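This report concerns only the one structure given below.
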Amino acid sequence: EHGVTFDLEVFNQKMQDQKKRSKKASKLSQGDWHILLEDEEEEFVGYKHLETTIRITRYRIVETNKGNQFELIFNLTPFYPEGGGQIGDTGTIKSKNEKIDVLNTSKENNLIIHLVDSLPSRLNDDFIACVDSFRRKSISRNHTATHLLHESLRSILGEHVTQKGSLVTDKHLRFDFSHFSKFEYSEIKRIESDVNNKILSNISLKEYLDMPISKAEELGALMLFGEKYNDVVRMIQFNTSKELCGGTHVNATGEIGLFKILSESSISAGIRRIEAITGFEAIQYFNKQQELIQDISKTIKNRDLKQGVSDLVLSKKNLEKEVETLKKSNISNLKKDLLDSKETINKINFICRKVNIDTKEMKNLSFQIRSENNNLVMLLAAENKGKAILTIMLTDDLLAKRLNARDLIQEVSKEINGSGGGQSFFATAGGSSEGLENALSKFRELISS
């Protein structure tokens, strides 16, 4: 009517394109995304490449405990995102003008997100994305070692062993699995040796991309119970070890270098955990152990290290027995000295002394004297590193005279700015040693009155 040409086919195509863009944008989760390139499709190339040219397609501001940071999405990326137990990659993106550190990589709604502290000044530039290769290789060693460990556990312990969780970092690996009993030391050594034999065999990686899941099942690939898999999967194979996995791996097991189990423990009923290290971390571990052995050897000055340590342990036990004998003798002498020093106040046998023994010995000594005497009240005081300890003991017959150790200690402890409590026949208190002499005088006043 107004001379406007209308092409229905072109209109429908535009509407479909708009729906695709809206659908893609909605998958980015809640947040204000700034779109720089509308039609770019993100692609992960990190299995084969650790460095590639990229462009930033979207970014957004995120609030973290470190303040405002930024999340970036690229048109393609070599950075592996955290997932499947494996931590995310770190690295840099750089242009001719600047260099930005990538602090972490995660995944959200099938899009790989890169965390940075600051935005590039020229967002539309081409950038070289570069993964921290040393860190990635360390992660890959631990991930491949996790697969080898899983297979060794199943072959040595039994096929009841199934994966219940894992963590793969550049420093160590952690593997949770079903098993009913604690490991013997011999079992740990056997499992460790089995994994290291596979490493020394330098088994090459076989990677199957876009494999139908039915084919993977037919080949005997291990699958996690309860995990949802796509119709097309990626299978990682090292000889007889076959698992569905999206993580990064070494090209051959020899690259792992060395595998060392650090610990084996229970985390819940029927679930156990192994923590282990590989590569340079394992080498550093053994170097530290060697240094420790050398230091011990120099200290004990014995060529036979095992015998030297045994001699030290025996010597320590003998010395402890001697110390215990001396302590008993000291307590016996102190007990006699205390009883010899007792005086009578208001027809009550009275002991009030500072002693050089610990709290446990004060209590034991008080109970010994209590069981062997009558009509006796006793305060023992000790000092250690600026702190005072008081104990008050009454014999049973004094309880009938309305004396109470708990009441007495509450009054006396005021002098040391402390507090105390206990039973009617025995009570303790702690506080500052500055008022210790006043506490002794206060106790004498209370009994005198």
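By order in the structure tokens, chains are A, B, ...; within a chain, residues start at 1; ligands start at 1, following the order shown.
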Exercise for the section: Taking the chain letters and numbering used in this document, name the residues of stretch 278-352 of chain A that DSSP puts in strand (DSSP E or B), as a ChimeraX atom specification. Expected result: /A:278,343-345,348-352
For stretch 173-207 of chain A against stretch 253-257 of chain A, with a cut-off of 12 Å and counting only C-alpha atoms, what is the closest atom pair and its distance in Å to one decimal for every residue that makes the cut, ordered by chain and number, as JSON lines?
```
{"residue": "A:Val195", "atom": "CA", "partner": "A:Thr253", "partner_atom": "CA", "distance": 9.8}
{"residue": "A:Asn196", "atom": "CA", "partner": "A:Gly257", "partner_atom": "CA", "distance": 8.4}
{"residue": "A:Asn197", "atom": "CA", "partner": "A:Thr253", "partner_atom": "CA", "distance": 9.8}
{"residue": "A:Lys198", "atom": "CA", "partner": "A:Thr253", "partner_atom": "CA", "distance": 6.9}
{"residue": "A:Ile199", "atom": "CA", "partner": "A:Thr253", "partner_atom": "CA", "distance": 4.7}
{"residue": "A:Leu200", "atom": "CA", "partner": "A:Gly254", "partner_atom": "CA", "distance": 5.7}
{"residue": "A:Ser201", "atom": "CA", "partner": "A:Gly254", "partner_atom": "CA", "distance": 6.9}
{"residue": "A:Asn202", "atom": "CA", "partner": "A:Gly254", "partner_atom": "CA", "distance": 4.2}
{"residue": "A:Ile203", "atom": "CA", "partner": "A:Thr253", "partner_atom": "CA", "distance": 5.2}
{"residue": "A:Ser204", "atom": "CA", "partner": "A:Thr253", "partner_atom": "CA", "distance": 6.5}
{"residue": "A:Leu205", "atom": "CA", "partner": "A:Thr253", "partner_atom": "CA", "distance": 7.7}
{"residue": "A:Lys206", "atom": "CA", "partner": "A:Thr253", "partner_atom": "CA", "distance": 11.3}
```
Handout entry: Among the residues A:Ile213, A:Leu408, A:Ile348, A:Ile112, the one that comes closest to A:Ile392 [using only C-alpha atoms]
Key =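 Using only C-alpha atoms, A:Ile392 sits closest to A:Leu408.
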Contacts of A:Asn384 at 10 Å or less, counting only C-alpha atoms, minus same-chain residues fewer than 5 places along, as a tab-separated table (two decimals) with C-alpha atoms, in the first residue's frame?
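Saved to selection.tsv:
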```
chain	number	residue	atom	x	y	z
A	356	ASN	CA	57.57	-26.60	92.49
A	357	ILE	CA	55.42	-29.30	90.90
A	358	ASP	CA	52.82	-29.36	88.10
A	389	ILE	CA	47.81	-22.40	90.09
A	432	SER	CA	48.13	-14.17	87.59
A	433	SER	CA	51.24	-14.98	89.62
```
Problem - A:Ser155 surroundings by only C-alpha atoms, 10 Å radius, close-in-sequence under 6 positions cut, as a PyMOL selection string - result: chain A and resi 149+161+191+194
Practice task
Excluding stretch 216-222 of chain A and any residue of its chain fewer than 6 positions from it, enumerate the residues within 8 Å of it, using only C-alpha atoms, and give them as a list in words.
Solution key: Val233, Met235, Ser241, Lys242, Glu243 and Leu244 of chain A
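Using only C-alpha atoms, the residues found no farther than 6 Å from A:Asp132, other than those of its own chain fewer than 2 positions away, are A:Thr90, A:Gly91, A:Phe134, A:Arg135.
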Practice task
Would you please work out which residue, of A:Arg444, A:Lys335, A:Lys387, A:Lys260, is nearest to A:Lys189 when using only C-alpha atoms?
Solution key: A:Lys260
Contact residues around A:Leu224 with only C-alpha atoms at 9 Å, ignoring same-chain residues under 6 positions, as an mmCIF file with C-alpha atoms, in the first residue's frame:
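Just written: around.cif:
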```
data_model
loop_
_atom_site.group_PDB
_atom_site.id
_atom_site.type_symbol
_atom_site.label_atom_id
_atom_site.label_comp_id
_atom_site.auth_asym_id
_atom_site.auth_seq_id
_atom_site.Cartn_x
_atom_site.Cartn_y
_atom_site.Cartn_z
ATOM 1 C CA THR A 162 34.514 -47.692 41.697
ATOM 2 C CA GLN A 163 35.360 -44.015 41.564
ATOM 3 C CA LYS A 164 33.421 -41.847 44.044
ATOM 4 C CA LEU A 244 35.435 -41.652 29.362
#
```
Practice task
Could you check how far atom CA of A:Gly270 sits from atom CA of A:Ser181, in Å to one decimal?
Solution key: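 According to the coordinates, atom CA of A:Gly270 and atom CA of A:Ser181 are separated by 7.5 Å.
Of the residues listed (A:Val323, A:Ala439, A:Ile267, A:Leu376), A:Ala439 shows the shortest atom-to-atom separation from A:Arg353; distances use only C-alpha atoms.
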Practice task
Counting only C-alpha atoms, figure out which residue out of A:Leu319, A:Leu399, A:Val309, A:Ile447 gets nearest to A:Leu379.
Solution key: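 Once distances to A:Leu379 are computed over only C-alpha atoms, the minimum belongs to A:Ile447.
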Practice task
Assign secondary structure with DSSP using the backbone only, and return the residues of stretch 185-344 of chain A in alpha helix (DSSP H) as number ranges by chain.
Solution key: A: 185-200, 213-218, 279-300, 305-340
Exercise for the section: Just give me the gap between atom CA of A:Asn375 and atom CA of A:Gly431 in Å, one decimal is fine. Expected result: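 It comes out at 28.3 Å.
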